[in-house]
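Student: Got a file for you: structure07.csv, CSV, C-alpha atoms.
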chain,number,residue,atom,x,y,z
A,1,MET,CA,0.0,0.0,0.0
A,2,SER,CA,1.4,3.4,-0.9
A,3,GLU,CA,2.1,6.1,1.8
A,4,VAL,CA,-0.7,8.3,0.6
A,5,ALA,CA,-3.2,5.5,0.6
A,6,ALA,CA,-2.3,4.5,4.2
A,7,LEU,CA,-3.2,7.9,5.5
A,8,PRO,CA,-6.5,8.4,7.3
A,9,PRO,CA,-9.1,10.5,5.4
A,10,SER,CA,-8.5,13.6,7.6
A,11,ALA,CA,-4.7,13.6,7.3
A,12,PRO,CA,-3.1,16.1,5.0
A,13,VAL,CA,-1.1,14.8,2.1
A,14,LYS,CA,2.5,16.0,2.4
A,15,ARG,CA,4.1,16.9,-0.9
A,16,PRO,CA,7.8,17.1,-1.2
A,17,ASP,CA,9.3,20.5,-1.4
A,18,GLY,CA,12.2,21.5,-3.5
A,19,ASP,CA,14.9,20.7,-0.9
A,20,GLY,CA,13.5,17.2,-0.1
A,21,ARG,CA,11.3,18.3,2.9
A,22,SER,CA,7.6,18.2,2.9
A,23,ARG,CA,5.6,21.4,2.5
A,24,ALA,CA,4.2,20.9,6.0
A,25,GLU,CA,7.7,20.6,7.4
A,26,THR,CA,8.9,23.6,5.4
A,27,GLY,CA,6.0,25.7,6.7
A,28,ALA,CA,6.6,24.7,10.3
A,29,SER,CA,10.3,25.5,9.9
A,30,ARG,CA,9.5,28.9,8.5
A,31,ARG,CA,7.1,29.7,11.3
A,32,SER,CA,9.6,28.6,13.9
A,33,SER,CA,12.3,30.7,12.2
A,34,ALA,CA,10.0,33.7,12.2
A,35,GLY,CA,9.2,33.3,15.8
A,36,ARG,CA,12.9,33.1,16.8
A,37,LEU,CA,13.6,36.2,14.7
A,38,LEU,CA,10.8,38.0,16.4
A,39,LEU,CA,12.4,37.2,19.8
A,40,LEU,CA,15.6,38.8,18.6
A,41,VAL,CA,14.0,42.1,17.7
A,42,PRO,CA,14.0,43.5,21.3
A,43,GLY,CA,17.7,42.4,21.6
A,44,GLY,CA,18.4,44.4,18.4
A,45,VAL,CA,16.6,47.4,19.7
A,46,ALA,CA,18.6,47.1,23.0
A,47,LEU,CA,21.8,47.1,20.9
A,48,LEU,CA,20.8,50.1,18.9
A,49,ALA,CA,19.7,52.0,22.0
A,50,GLY,CA,22.9,51.1,23.8
A,51,LEU,CA,25.0,52.4,20.9
A,52,ASP,CA,22.9,55.6,20.9
A,53,ALA,CA,23.6,55.9,24.6
A,54,ALA,CA,27.3,55.4,23.9
A,55,LEU,CA,27.2,58.5,21.7
A,56,LEU,CA,25.6,60.5,24.5
A,57,LEU,CA,28.3,59.3,27.0
A,58,LEU,CA,30.9,60.4,24.5
A,59,ASP,CA,29.2,63.8,24.6
A,60,LEU,CA,28.4,63.6,20.9
A,61,PRO,CA,25.2,64.2,19.0
A,62,ALA,CA,22.9,61.1,19.0
A,63,PRO,CA,19.8,60.2,17.0
A,64,VAL,CA,17.7,59.7,20.1
A,65,ARG,CA,18.2,61.7,23.3
A,66,LEU,CA,16.5,60.2,26.4
A,67,ASP,CA,17.5,61.2,29.9
A,68,ARG,CA,17.4,57.6,31.0
A,69,LEU,CA,19.6,56.2,28.2
A,70,PRO,CA,23.1,56.8,29.9
A,71,GLN,CA,21.7,55.3,33.1
A,72,VAL,CA,20.6,52.0,31.5
A,73,HIS,CA,23.4,51.9,28.8
A,74,GLY,CA,25.3,48.9,30.4
A,75,MET,CA,22.2,46.8,31.2
A,76,LEU,CA,20.8,47.3,27.8
A,77,LEU,CA,23.9,46.0,26.1
A,78,VAL,CA,24.8,43.2,28.5
A,79,LEU,CA,21.4,41.8,29.4
A,80,GLY,CA,19.1,43.4,26.9
A,81,PHE,CA,21.2,42.4,23.9
A,82,VAL,CA,23.8,39.7,24.9
A,83,GLY,CA,21.5,38.2,27.5
A,84,THR,CA,18.6,37.9,25.0
A,85,LEU,CA,20.9,36.4,22.3
A,86,VAL,CA,22.4,33.8,24.6
A,87,ALA,CA,19.0,32.9,26.2
A,88,LEU,CA,17.5,32.4,22.8
A,89,GLU,CA,20.4,30.1,21.8
A,90,ARG,CA,20.0,28.1,25.0
A,91,ALA,CA,16.2,27.9,24.5
A,92,VAL,CA,16.7,26.4,21.1
A,93,ALA,CA,19.1,23.8,22.6
A,94,LEU,CA,16.5,22.9,25.2
A,95,ARG,CA,13.8,22.3,22.6
A,96,ARG,CA,10.9,23.2,24.9
A,97,ARG,CA,8.5,26.1,24.4
A,98,ALA,CA,8.8,27.2,28.0
A,99,GLY,CA,12.5,27.9,27.4
A,100,PHE,CA,11.7,30.8,25.1
A,101,LEU,CA,10.2,32.7,28.0
A,102,ALA,CA,13.7,33.7,29.1
A,103,PRO,CA,14.7,35.6,25.9
A,104,ALA,CA,11.2,37.0,25.7
A,105,LEU,CA,11.3,38.5,29.2
A,106,LEU,CA,14.9,39.7,28.9
A,107,GLY,CA,14.1,41.4,25.6
A,108,THR,CA,10.8,42.9,26.9
A,109,GLY,CA,12.6,44.1,30.0
A,110,GLY,CA,15.1,45.9,27.9
A,111,LEU,CA,12.3,47.6,26.0
A,112,LEU,CA,10.7,48.7,29.2
A,113,LEU,CA,14.0,50.3,30.3
A,114,LEU,CA,13.5,52.6,27.4
A,115,ALA,CA,9.8,53.2,27.8
A,116,PRO,CA,8.2,56.1,29.8
A,117,VAL,CA,7.4,53.7,32.7
A,118,PRO,CA,9.0,53.4,36.1
A,119,LEU,CA,12.5,52.0,35.9
A,120,ARG,CA,11.7,49.4,38.4
A,121,LEU,CA,9.2,47.8,36.0
A,122,GLY,CA,11.9,47.1,33.4
A,123,GLN,CA,14.3,45.9,36.1
A,124,ALA,CA,11.7,43.5,37.5
A,125,VAL,CA,10.8,42.1,34.1
A,126,GLN,CA,14.5,41.5,33.3
A,127,LEU,CA,14.9,39.8,36.7
A,128,LEU,CA,12.1,37.5,35.8
A,129,GLY,CA,13.8,36.8,32.5
A,130,ALA,CA,17.1,36.0,34.3
A,131,ALA,CA,15.2,33.6,36.6
A,132,ALA,CA,13.7,31.9,33.6
A,133,PHE,CA,17.2,31.8,32.1
A,134,VAL,CA,18.5,30.0,35.2
A,135,ALA,CA,15.6,27.5,34.9
A,136,VAL,CA,16.6,26.7,31.3
A,137,TYR,CA,20.1,25.7,32.6
A,138,VAL,CA,18.5,23.6,35.3
A,139,ALA,CA,16.5,21.7,32.7
A,140,LEU,CA,19.6,21.3,30.5
A,141,TRP,CA,21.6,20.1,33.6
A,142,ARG,CA,18.9,17.5,34.4
A,143,ARG,CA,19.1,16.3,30.8
A,144,GLN,CA,22.8,15.9,30.8
A,145,ARG,CA,25.0,16.6,33.8
A,146,ASP,CA,27.7,18.4,31.9
A,147,ASP,CA,30.4,20.7,33.3
A,148,ALA,CA,29.9,23.2,30.4
A,149,VAL,CA,26.3,23.6,31.4
A,150,LEU,CA,27.2,24.0,35.0
A,151,VAL,CA,29.7,26.8,34.2
A,152,GLN,CA,27.1,28.6,32.0
A,153,ALA,CA,24.5,28.2,34.7
A,154,LEU,CA,26.8,30.0,37.2
A,155,GLY,CA,27.0,32.8,34.7
A,156,ALA,CA,23.2,33.0,34.5
A,157,VAL,CA,23.1,33.1,38.3
A,158,LEU,CA,25.5,36.0,38.3
A,159,ALA,CA,23.2,37.8,35.8
A,160,ALA,CA,20.2,37.3,38.1
A,161,GLY,CA,22.3,38.4,41.1
A,162,ALA,CA,23.3,41.6,39.3
A,163,LEU,CA,19.6,42.4,38.6
A,164,ILE,CA,18.6,41.7,42.2
A,165,LEU,CA,21.3,44.1,43.4
A,166,TRP,CA,20.4,46.7,40.8
A,167,LEU,CA,16.7,46.5,41.7
A,168,GLY,CA,17.8,47.0,45.3
A,169,GLY,CA,19.5,50.3,44.5
A,170,VAL,CA,23.2,49.2,44.0
A,171,PRO,CA,24.8,51.4,41.3
A,172,VAL,CA,25.7,49.7,38.0
A,173,PRO,CA,29.5,50.4,38.3
A,174,LEU,CA,29.5,48.3,41.5
A,175,LEU,CA,27.8,45.5,39.6
A,176,LEU,CA,30.5,45.4,36.9
A,177,PRO,CA,32.2,42.2,38.3
A,178,TRP,CA,28.8,40.4,38.2
A,179,LEU,CA,28.2,41.4,34.6
A,180,VAL,CA,31.7,40.5,33.7
A,181,GLY,CA,31.3,37.1,35.3
A,182,PHE,CA,28.1,36.5,33.4
A,183,VAL,CA,29.7,37.0,29.9
A,184,VAL,CA,33.0,35.3,30.8
A,185,LEU,CA,31.4,32.1,32.2
A,186,THR,CA,28.8,31.9,29.5
A,187,ILE,CA,31.4,32.2,26.7
A,188,GLY,CA,33.9,30.0,28.6
A,189,GLY,CA,31.2,27.3,29.0
A,190,GLU,CA,30.4,27.5,25.3
A,191,ARG,CA,34.0,27.2,24.3
A,192,LEU,CA,34.2,24.0,26.4
A,193,GLU,CA,31.1,22.7,24.5
A,194,LEU,CA,32.5,23.5,21.1
A,195,ALA,CA,36.2,22.5,21.7
A,196,ARG,CA,35.9,19.7,24.2
A,197,LEU,CA,38.2,17.3,22.4
A,198,THR,CA,41.1,19.8,22.1
A,199,LEU,CA,40.7,21.0,25.7
A,200,GLY,CA,41.4,17.5,27.1
A,201,PRO,CA,39.4,15.0,29.2
A,202,GLY,CA,39.9,16.9,32.5
A,203,ALA,CA,38.9,20.3,31.0
A,204,GLY,CA,35.4,20.3,32.4
A,205,THR,CA,36.6,19.9,36.0
A,206,THR,CA,39.3,22.4,35.6
A,207,LEU,CA,36.9,25.0,34.2
A,208,VAL,CA,34.4,24.5,37.0
A,209,LEU,CA,37.2,25.1,39.6
A,210,LEU,CA,38.4,28.2,37.7
A,211,ALA,CA,34.8,29.4,37.5
A,212,ALA,CA,34.4,28.9,41.3
A,213,GLY,CA,37.6,31.0,41.8
A,214,LEU,CA,36.1,33.7,39.6
A,215,LEU,CA,32.9,33.6,41.6
A,216,GLY,CA,34.8,34.0,44.8
A,217,GLY,CA,36.6,37.0,43.4
A,218,ILE,CA,33.3,38.6,42.3
A,219,VAL,CA,31.8,38.2,45.8
A,220,ALA,CA,35.0,39.5,47.4
A,221,ALA,CA,35.0,42.6,45.1
A,222,LEU,CA,31.5,43.5,46.3
A,223,LEU,CA,32.3,43.0,50.0
A,224,TRP,CA,35.8,44.4,50.1
A,225,PRO,CA,36.2,46.4,46.9
A,226,ARG,CA,39.9,47.3,47.3
A,227,THR,CA,41.4,43.9,47.9
A,228,GLY,CA,38.5,42.0,46.3
A,229,ALA,CA,39.1,43.6,42.9
A,230,VAL,CA,42.8,42.4,43.0
A,231,LEU,CA,41.7,38.9,43.8
A,232,LEU,CA,39.1,39.1,41.0
A,233,GLY,CA,41.8,40.3,38.6
A,234,VAL,CA,44.1,37.4,39.4
A,235,ALA,CA,41.2,34.9,39.1
A,236,LEU,CA,40.3,36.4,35.7
A,237,LEU,CA,43.9,36.2,34.5
A,238,VAL,CA,44.2,32.6,35.5
A,239,LEU,CA,40.9,31.7,33.7
A,240,VAL,CA,41.7,33.5,30.5
A,241,GLY,CA,45.2,32.1,30.5
A,242,TRP,CA,43.9,28.6,30.7
A,243,LEU,CA,41.2,29.2,28.0
A,244,ALA,CA,43.7,30.8,25.6
A,245,SER,CA,46.4,28.2,26.1
A,246,HIS,CA,44.1,25.3,25.5
A,247,ASP,CA,41.8,26.7,22.8
A,248,VAL,CA,42.1,25.2,19.3
A,249,ALA,CA,42.1,28.7,18.0
A,250,ARG,CA,45.9,28.8,18.5
A,251,ARG,CA,46.2,26.2,15.8
A,252,THR,CA,43.3,27.1,13.5
A,253,ILE,CA,44.7,30.7,13.1
A,254,ARG,CA,46.9,29.2,10.4
A,255,ALA,CA,43.9,28.1,8.4
A,256,ARG,CA,42.0,30.1,5.9
A,257,GLY,CA,38.5,31.6,5.4
A,258,LEU,CA,35.9,31.3,8.1
A,259,THR,CA,38.1,29.1,10.4
A,260,ARG,CA,40.9,31.7,10.4
A,261,PHE,CA,38.4,34.5,11.0
A,262,MET,CA,36.9,32.7,14.0
A,263,ALA,CA,40.3,32.0,15.5
A,264,GLY,CA,41.5,35.5,15.0
A,265,CYS,CA,38.4,37.0,16.8
A,266,MET,CA,38.7,34.5,19.6
A,267,LEU,CA,42.4,35.1,20.3
A,268,ALA,CA,41.9,38.9,20.1
A,269,GLY,CA,39.0,38.5,22.6
A,270,TYR,CA,41.2,36.6,25.0
A,271,PHE,CA,43.8,39.3,24.8
A,272,TRP,CA,41.4,42.0,25.8
A,273,LEU,CA,40.0,39.9,28.6
A,274,ALA,CA,43.6,39.6,29.9
A,275,VAL,CA,43.9,43.4,29.7
A,276,ALA,CA,40.8,43.8,32.0
A,277,GLY,CA,42.2,41.3,34.4
A,278,ALA,CA,45.6,43.1,34.5
A,279,VAL,CA,43.9,46.4,35.2
A,280,TRP,CA,42.0,45.0,38.1
A,281,THR,CA,45.1,43.2,39.4
A,282,VAL,CA,47.4,46.2,39.3
A,283,GLY,CA,45.0,49.0,39.9
A,284,GLY,CA,42.3,47.5,42.1
A,285,ALA,CA,38.7,48.6,42.2
A,286,ALA,CA,37.5,51.4,39.9
A,287,THR,CA,34.0,52.7,39.4
A,288,THR,CA,34.8,55.8,37.5
A,289,GLY,CA,37.6,57.2,35.4
A,290,THR,CA,40.0,55.7,32.9
A,291,ARG,CA,40.5,52.4,34.6
A,292,TYR,CA,36.8,51.8,34.8
A,293,ASP,CA,36.4,52.7,31.1
A,294,ALA,CA,39.3,50.4,30.2
A,295,VAL,CA,37.8,47.4,32.0
A,296,VAL,CA,34.3,47.9,30.7
A,297,HIS,CA,35.2,48.2,27.1
A,298,ALA,CA,38.0,45.6,27.2
A,299,VAL,CA,35.5,43.0,28.4
A,300,PHE,CA,32.3,44.0,26.7
A,301,LEU,CA,33.7,45.2,23.4
A,302,GLY,CA,37.1,43.5,23.0
A,303,PHE,CA,36.1,40.2,24.5
A,304,THR,CA,32.3,39.8,24.2
A,305,ILE,CA,31.6,41.4,20.8
A,306,SER,CA,34.7,39.8,19.4
A,307,MET,CA,33.4,36.4,20.5
A,308,ILE,CA,30.0,37.1,19.1
A,309,MET,CA,31.7,38.0,15.7
A,310,ALA,CA,33.6,34.7,15.9
A,311,HIS,CA,30.6,32.5,16.6
A,312,ALA,CA,27.9,34.3,14.6
A,313,PRO,CA,28.4,32.4,11.3
A,314,VAL,CA,28.0,29.1,13.2
A,315,ILE,CA,25.4,29.8,15.9
A,316,LEU,CA,23.0,32.2,14.2
A,317,PRO,CA,22.2,29.8,11.3
A,318,ALA,CA,21.4,27.1,14.0
A,319,VAL,CA,19.2,29.5,15.9
A,320,LEU,CA,17.4,31.2,13.1
A,321,ARG,CA,17.5,28.4,10.5
A,322,ARG,CA,18.8,30.9,8.0
A,323,PRO,CA,22.3,30.7,6.5
A,324,LEU,CA,24.9,33.3,7.3
A,325,PRO,CA,27.5,32.7,4.5
A,326,TYR,CA,31.0,33.8,5.4
A,327,HIS,CA,32.6,36.6,3.3
A,328,PRO,CA,36.1,38.1,3.8
A,329,VAL,CA,34.5,41.5,4.2
A,330,LEU,CA,33.5,40.4,7.7
A,331,VAL,CA,37.1,40.9,8.6
A,332,VAL,CA,36.7,44.7,8.2
A,333,PRO,CA,34.5,45.4,11.2
A,334,ALA,CA,36.6,43.0,13.3
A,335,VAL,CA,39.8,44.8,12.5
A,336,LEU,CA,38.1,48.1,13.0
A,337,LEU,CA,36.8,47.0,16.4
A,338,HIS,CA,40.2,46.0,17.8
A,339,GLY,CA,42.1,48.9,16.2
A,340,SER,CA,39.6,51.5,17.6
A,341,LEU,CA,39.7,49.8,21.0
A,342,ALA,CA,43.5,50.1,21.1
A,343,LEU,CA,43.1,53.7,20.2
A,344,ARG,CA,40.6,54.3,22.9
A,345,LEU,CA,42.3,52.3,25.7
A,346,TRP,CA,46.0,52.8,25.0
A,347,VAL,CA,46.1,56.3,23.6
A,348,GLY,CA,42.9,57.6,25.1
A,349,ASP,CA,42.7,56.1,28.6
A,350,ALA,CA,46.4,55.2,29.3
A,351,LEU,CA,48.0,58.3,27.7
A,352,GLY,CA,45.3,60.7,28.5
A,353,SER,CA,44.3,61.9,25.0
A,354,GLU,CA,40.7,62.9,25.1
A,355,ALA,CA,40.5,63.2,21.3
A,356,ALA,CA,41.8,59.6,20.9
A,357,TRP,CA,39.3,58.4,23.5
A,358,ARG,CA,36.4,60.0,21.7
A,359,TRP,CA,37.5,59.0,18.2
A,360,GLY,CA,38.1,55.5,19.5
A,361,GLY,CA,34.6,55.4,20.9
A,362,VAL,CA,33.0,56.6,17.7
A,363,LEU,CA,34.9,53.9,15.7
A,364,ASN,CA,33.9,51.3,18.3
A,365,ILE,CA,30.3,52.1,17.5
A,366,ALA,CA,31.0,52.1,13.7
A,367,ALA,CA,32.6,48.7,13.9
A,368,VAL,CA,29.6,47.1,15.8
A,369,THR,CA,27.1,48.7,13.5
A,370,LEU,CA,29.0,47.7,10.4
A,371,PHE,CA,29.2,44.0,11.5
A,372,VAL,CA,25.4,44.0,12.2
A,373,LEU,CA,24.7,45.4,8.8
A,374,LEU,CA,27.0,42.9,7.0
A,375,ALA,CA,25.6,40.0,9.0
A,376,VAL,CA,22.0,41.0,8.2
A,377,GLY,CA,23.0,41.4,4.5
A,378,SER,CA,24.6,38.0,4.5
A,379,VAL,CA,21.6,36.3,6.0
A,380,VAL,CA,19.2,38.0,3.5
A,381,ALA,CA,21.5,37.1,0.6
A,382,GLY,CA,22.0,33.5,1.8
A,383,SER,CA,18.2,33.1,2.1
A,384,GLU,CA,17.6,34.4,-1.4
A,385,ILE,CA,20.2,32.0,-2.8
A,386,ARG,CA,18.7,29.1,-1.0
A,387,ALA,CA,15.2,30.1,-2.2
A,388,GLY,CA,16.5,30.4,-5.8
A,389,ARG,CA,18.0,26.9,-5.6
A,390,GLY,CA,14.7,25.5,-4.3
A,391,GLU,CA,12.8,27.1,-7.1
A,392,ARG,CA,15.1,25.7,-9.7
A,393,LEU,CA,14.7,22.2,-8.2
A,394,ARG,CA,10.9,22.5,-8.2
A,395,ARG,CA,11.0,23.4,-11.9
Would you write the structure of this file as structure tokens?
Tutor:
Amino acid sequence: MSEVAALPPSAPVKRPDGDGRSRAETGASRRSSAGRLLLLVPGGVALLAGLDAALLLLDLPAPVRLDRLPQVHGMLLVLGFVGTLVALERAVALRRRAGFLAPALLGTGGLLLLAPVPLRLGQAVQLLGAAAFVAVYVALWRRQRDDAVLVQALGAVLAAGALILWLGGVPVPLLLPWLVGFVVLTIGGERLELARLTLGPGAGTTLVLLAAGLLGGIVAALLWPRTGAVLLGVALLVLVGWLASHDVARRTIRARGLTRFMAGCMLAGYFWLAVAGAVWTVGGAATTGTRYDAVVHAVFLGFTISMIMAHAPVILPAVLRRPLPYHPVLVVPAVLLHGSLALRLWVGDALGSEAAWRWGGVLNIAAVTLFVLLAVGSVVAGSEIRAGRGERLRR
């Protein structure tokens, strides 16, 4: 009996699409992709608003001028953008609808930080999103008790802790170690997932111990800022030293194309994270001034954005179900990011040149904006190419 004849009268007949999938499967995939893309929109808005706030903090003209923007600048970029992006990727890995509550709440909370509503409302919604994010890791841990998941879960706990403290009135500069811990442990755990074979059989246990050391430094920096920041800096240097020395990027930097691009971005990211650790180790706590500026942008631009650039061609297609073809032009914003960051931190912050600091900041914004535009363009072009191939196959 044929497959069609065996179906009950009420069952729809699935006709093969151009790429070998049924039309029903293709439709479901498109709806899923559209839903995930919709969840990314608030994160994109948070990114744009954060870059707009950066212009205001540089004392430059900005497209949008809101009194609250400079106040929420850091939380928009770290949790509104990066948090939403990572939570969406983890929800996809969980493969449960409830998991998508985390990116939805983190993104919505970011939008509320911009809206003419009480600030505490946006803070509370983001805190609910962080709690849902922790719950996603709990579910992932129950599925597979993996050290990489445990390290990333610690990062999510730090994000929730930062939001609790912020909601309680603690200024954002004092929360910097918590936000740093969130991105460092999240990315460190993901590197363990993606490069487990090259890191060695005992890598998971080692990373958990290093993560615990970093967590201790973060708590110490909150309780005893002067000595705690030094301990935090040492813990961060040890962690990044271990990651960089064991990462496969040290070898793949000799490759070509996408592999070399990813390796270059990762190694550059490790360098800037080491700079932040060195500033804390030598200079101690800083909540204002050049040392604070150096730590913030070394971690969240030099390390975090560089790692996002490295992994975007691999992770975004898996999350959005849309191809992001690599093109050598992606090297341009990466080089611009690191060159402008060197201008800002070395010439601007270290040598005291206000012009270099401001120009470096402007070029930082240009680099991030350019990468986003190129990534979106690549996704659109890749989707059109795939659609054209499918149309030719159907003919």
Student: Which value, in Å to one decimal, gives the distance between atom CA of A:Leu85 and atom CA of A:Phe133?
Tutor: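 Separating atom CA of A:Leu85 from atom CA of A:Phe133 is a distance of 11.4 Å.
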Student: Find, counting only C-alpha atoms, the residue in A:Leu243, A:Ala160, A:Leu119, A:Val92 that gets nearest to A:Gly35.
Tutor: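 Of all the options, A:Val92 lies closest to A:Gly35.
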Student: Write out as a VMD selection string which residues come within 12 Å of A:Leu176 when counting only C-alpha atoms, dropping same-chain ones fewer than 6 positions away.
Tutor: chain A and resid 74 to 75 78 158 to 159 161 to 163 165 to 166 170 182 to 183 218 to 219 221 to 222 225 229 232 276 280 285 to 288 292 to 293 295 to 297 299 to 300
Student: How would the residues just chosen look if you wrote them out with C-alpha atoms as a compact mmCIF listing (two decimals), keeping the file's coordinate frame?
Tutor:
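So the final result, stored in selection_14.txt, reads:
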# COMPACT_ATOMS: atom_id res chain seq x y z
CA GLY A 74 25.30 48.90 30.40
CA MET A 75 22.20 46.80 31.20
CA VAL A 78 24.80 43.20 28.50
CA LEU A 158 25.50 36.00 38.30
CA ALA A 159 23.20 37.80 35.80
CA GLY A 161 22.30 38.40 41.10
CA ALA A 162 23.30 41.60 39.30
CA LEU A 163 19.60 42.40 38.60
CA LEU A 165 21.30 44.10 43.40
CA TRP A 166 20.40 46.70 40.80
CA VAL A 170 23.20 49.20 44.00
CA PHE A 182 28.10 36.50 33.40
CA VAL A 183 29.70 37.00 29.90
CA ILE A 218 33.30 38.60 42.30
CA VAL A 219 31.80 38.20 45.80
CA ALA A 221 35.00 42.60 45.10
CA LEU A 222 31.50 43.50 46.30
CA PRO A 225 36.20 46.40 46.90
CA ALA A 229 39.10 43.60 42.90
CA LEU A 232 39.10 39.10 41.00
CA ALA A 276 40.80 43.80 32.00
CA TRP A 280 42.00 45.00 38.10
CA ALA A 285 38.70 48.60 42.20
CA ALA A 286 37.50 51.40 39.90
CA THR A 287 34.00 52.70 39.40
CA THR A 288 34.80 55.80 37.50
CA TYR A 292 36.80 51.80 34.80
CA ASP A 293 36.40 52.70 31.10
CA VAL A 295 37.80 47.40 32.00
CA VAL A 296 34.30 47.90 30.70
CA HIS A 297 35.20 48.20 27.10
CA VAL A 299 35.50 43.00 28.40
CA PHE A 300 32.30 44.00 26.70
Student: Could you tell me how far atom CA of A:His338 sits from atom CA of A:Pro325, in Å to one decimal place?
Tutor: 22.7 Å
Student: Would you pick out the contacts of A:Val234 at 9 Å or less, using all atoms listed in the file, so that residues sharing its chain but fewer than 5 positions from it are not included, and give the list as a ChimeraX atom specification?
Tutor: /A:214,217,229,239,277-278,280-281
Student: With 12 Å as the cut-off and only C-alpha atoms counted, what is the closest atom pair between each nearby residue of stretch 149-249 of chain A and stretch 268-271 of chain A? Distances in Å to one decimal, ordered by chain and number, as a tab-separated table.
Tutor:
residue	atom	partner	partner_atom	distance
A:Val183	CA	A:Gly269	CA	11.9
A:Val184	CA	A:Tyr270	CA	10.1
A:Ile187	CA	A:Gly269	CA	10.7
A:Gly188	CA	A:Tyr270	CA	10.5
A:Arg191	CA	A:Tyr270	CA	11.9
A:Leu236	CA	A:Tyr270	CA	10.7
A:Leu237	CA	A:Tyr270	CA	9.9
A:Val238	CA	A:Tyr270	CA	11.6
A:Leu239	CA	A:Tyr270	CA	10.0
A:Val240	CA	A:Tyr270	CA	6.3
A:Gly241	CA	A:Tyr270	CA	8.2
A:Trp242	CA	A:Tyr270	CA	10.2
A:Leu243	CA	A:Tyr270	CA	8.0
A:Ala244	CA	A:Tyr270	CA	6.3
A:Ser245	CA	A:Tyr270	CA	9.9
A:His246	CA	A:Tyr270	CA	11.7
A:Asp247	CA	A:Tyr270	CA	10.2
A:Ala249	CA	A:Ala268	CA	10.4
Student: Go ahead and write the selection's residues with C-alpha atoms as a PDB file, in the coordinates of the input.
Tutor:
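Everything below was put into part37.pdb:
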ATOM      1  CA  VAL A 183      29.700  37.000  29.900  1.00  0.00           C
ATOM      2  CA  VAL A 184      33.000  35.300  30.800  1.00  0.00           C
ATOM      3  CA  ILE A 187      31.400  32.200  26.700  1.00  0.00           C
ATOM      4  CA  GLY A 188      33.900  30.000  28.600  1.00  0.00           C
ATOM      5  CA  ARG A 191      34.000  27.200  24.300  1.00  0.00           C
ATOM      6  CA  LEU A 236      40.300  36.400  35.700  1.00  0.00           C
ATOM      7  CA  LEU A 237      43.900  36.200  34.500  1.00  0.00           C
ATOM      8  CA  VAL A 238      44.200  32.600  35.500  1.00  0.00           C
ATOM      9  CA  LEU A 239      40.900  31.700  33.700  1.00  0.00           C
ATOM     10  CA  VAL A 240      41.700  33.500  30.500  1.00  0.00           C
ATOM     11  CA  GLY A 241      45.200  32.100  30.500  1.00  0.00           C
ATOM     12  CA  TRP A 242      43.900  28.600  30.700  1.00  0.00           C
ATOM     13  CA  LEU A 243      41.200  29.200  28.000  1.00  0.00           C
ATOM     14  CA  ALA A 244      43.700  30.800  25.600  1.00  0.00           C
ATOM     15  CA  SER A 245      46.400  28.200  26.100  1.00  0.00           C
ATOM     16  CA  HIS A 246      44.100  25.300  25.500  1.00  0.00           C
ATOM     17  CA  ASP A 247      41.800  26.700  22.800  1.00  0.00           C
ATOM     18  CA  ALA A 249      42.100  28.700  18.000  1.00  0.00           C
TER      19      ALA A 249
END
Student: Give me, please, the distance in Å between atom CA of A:Ile308 and atom CA of A:Met266, quoted to one decimal.
Tutor: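 It comes out at 9.1 Å.
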Student: Would you mind listing what lies within 10 Å of A:Ile253 as a ChimeraX atom specification, with only C-alpha atoms counted and same-chain residues fewer than 3 positions away left out?
Tutor: /A:248-250,256-257,259-267
Student: Can you work out which one of A:Ala53, A:Leu111, A:Leu343, A:Leu94 has the shortest atom-to-atom distance to A:Leu140, counting all atoms listed in the file?
Tutor: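 Under the stated criterion, the closest residue is A:Leu94.
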Student: Name the closest residue to A:Gln123 among the candidates A:Gly169, A:Gly200, A:Val282, A:Ala356; distances are taken between atoms, counting all atoms listed in the file.
Tutor: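 Of all the options, A:Gly169 lies closest to A:Gln123.
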Student: Counting all atoms listed in the file, which residue out of A:Leu370, A:Val72, A:Pro171, A:Ala130 sits closest to A:Asp52?
Tutor: A:Val72
Student: Return the single residue from A:His327, A:Arg90, A:Arg65, A:Arg36 that is closest to A:Thr186, with distances computed using all atoms listed in the file.
Tutor: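 Counting all atoms listed in the file, the residue closest to A:Thr186 is A:Arg90.
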Student: Name the residues in contact with A:Pro313 at a cut-off of 9 Å, using all atoms listed in the file, excluding same-chain residues fewer than 5 positions from it; report them as a list in words.
Tutor: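 Here the qualifying residues turn out to be Leu258, Met262, Pro323, Leu324, Pro325, Tyr326 and Ala375 of chain A.
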Student: Counting all atoms listed in the file, figure out which residue out of A:Ala255, A:Leu40, A:Ala212, A:Ala366 gets nearest to A:Ala334.
Tutor: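 Looking at the shortest contact to A:Ala334, the residue is A:Ala366.
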Student: Write out as a PyMOL selection string each polymer residue whose atoms come within 12 Å of A:Glu354, counting all atoms listed in the file; drop sequence neighbours fewer than 5 positions from it.
Tutor: chain A and resi 58-59+290+343-349+359-361
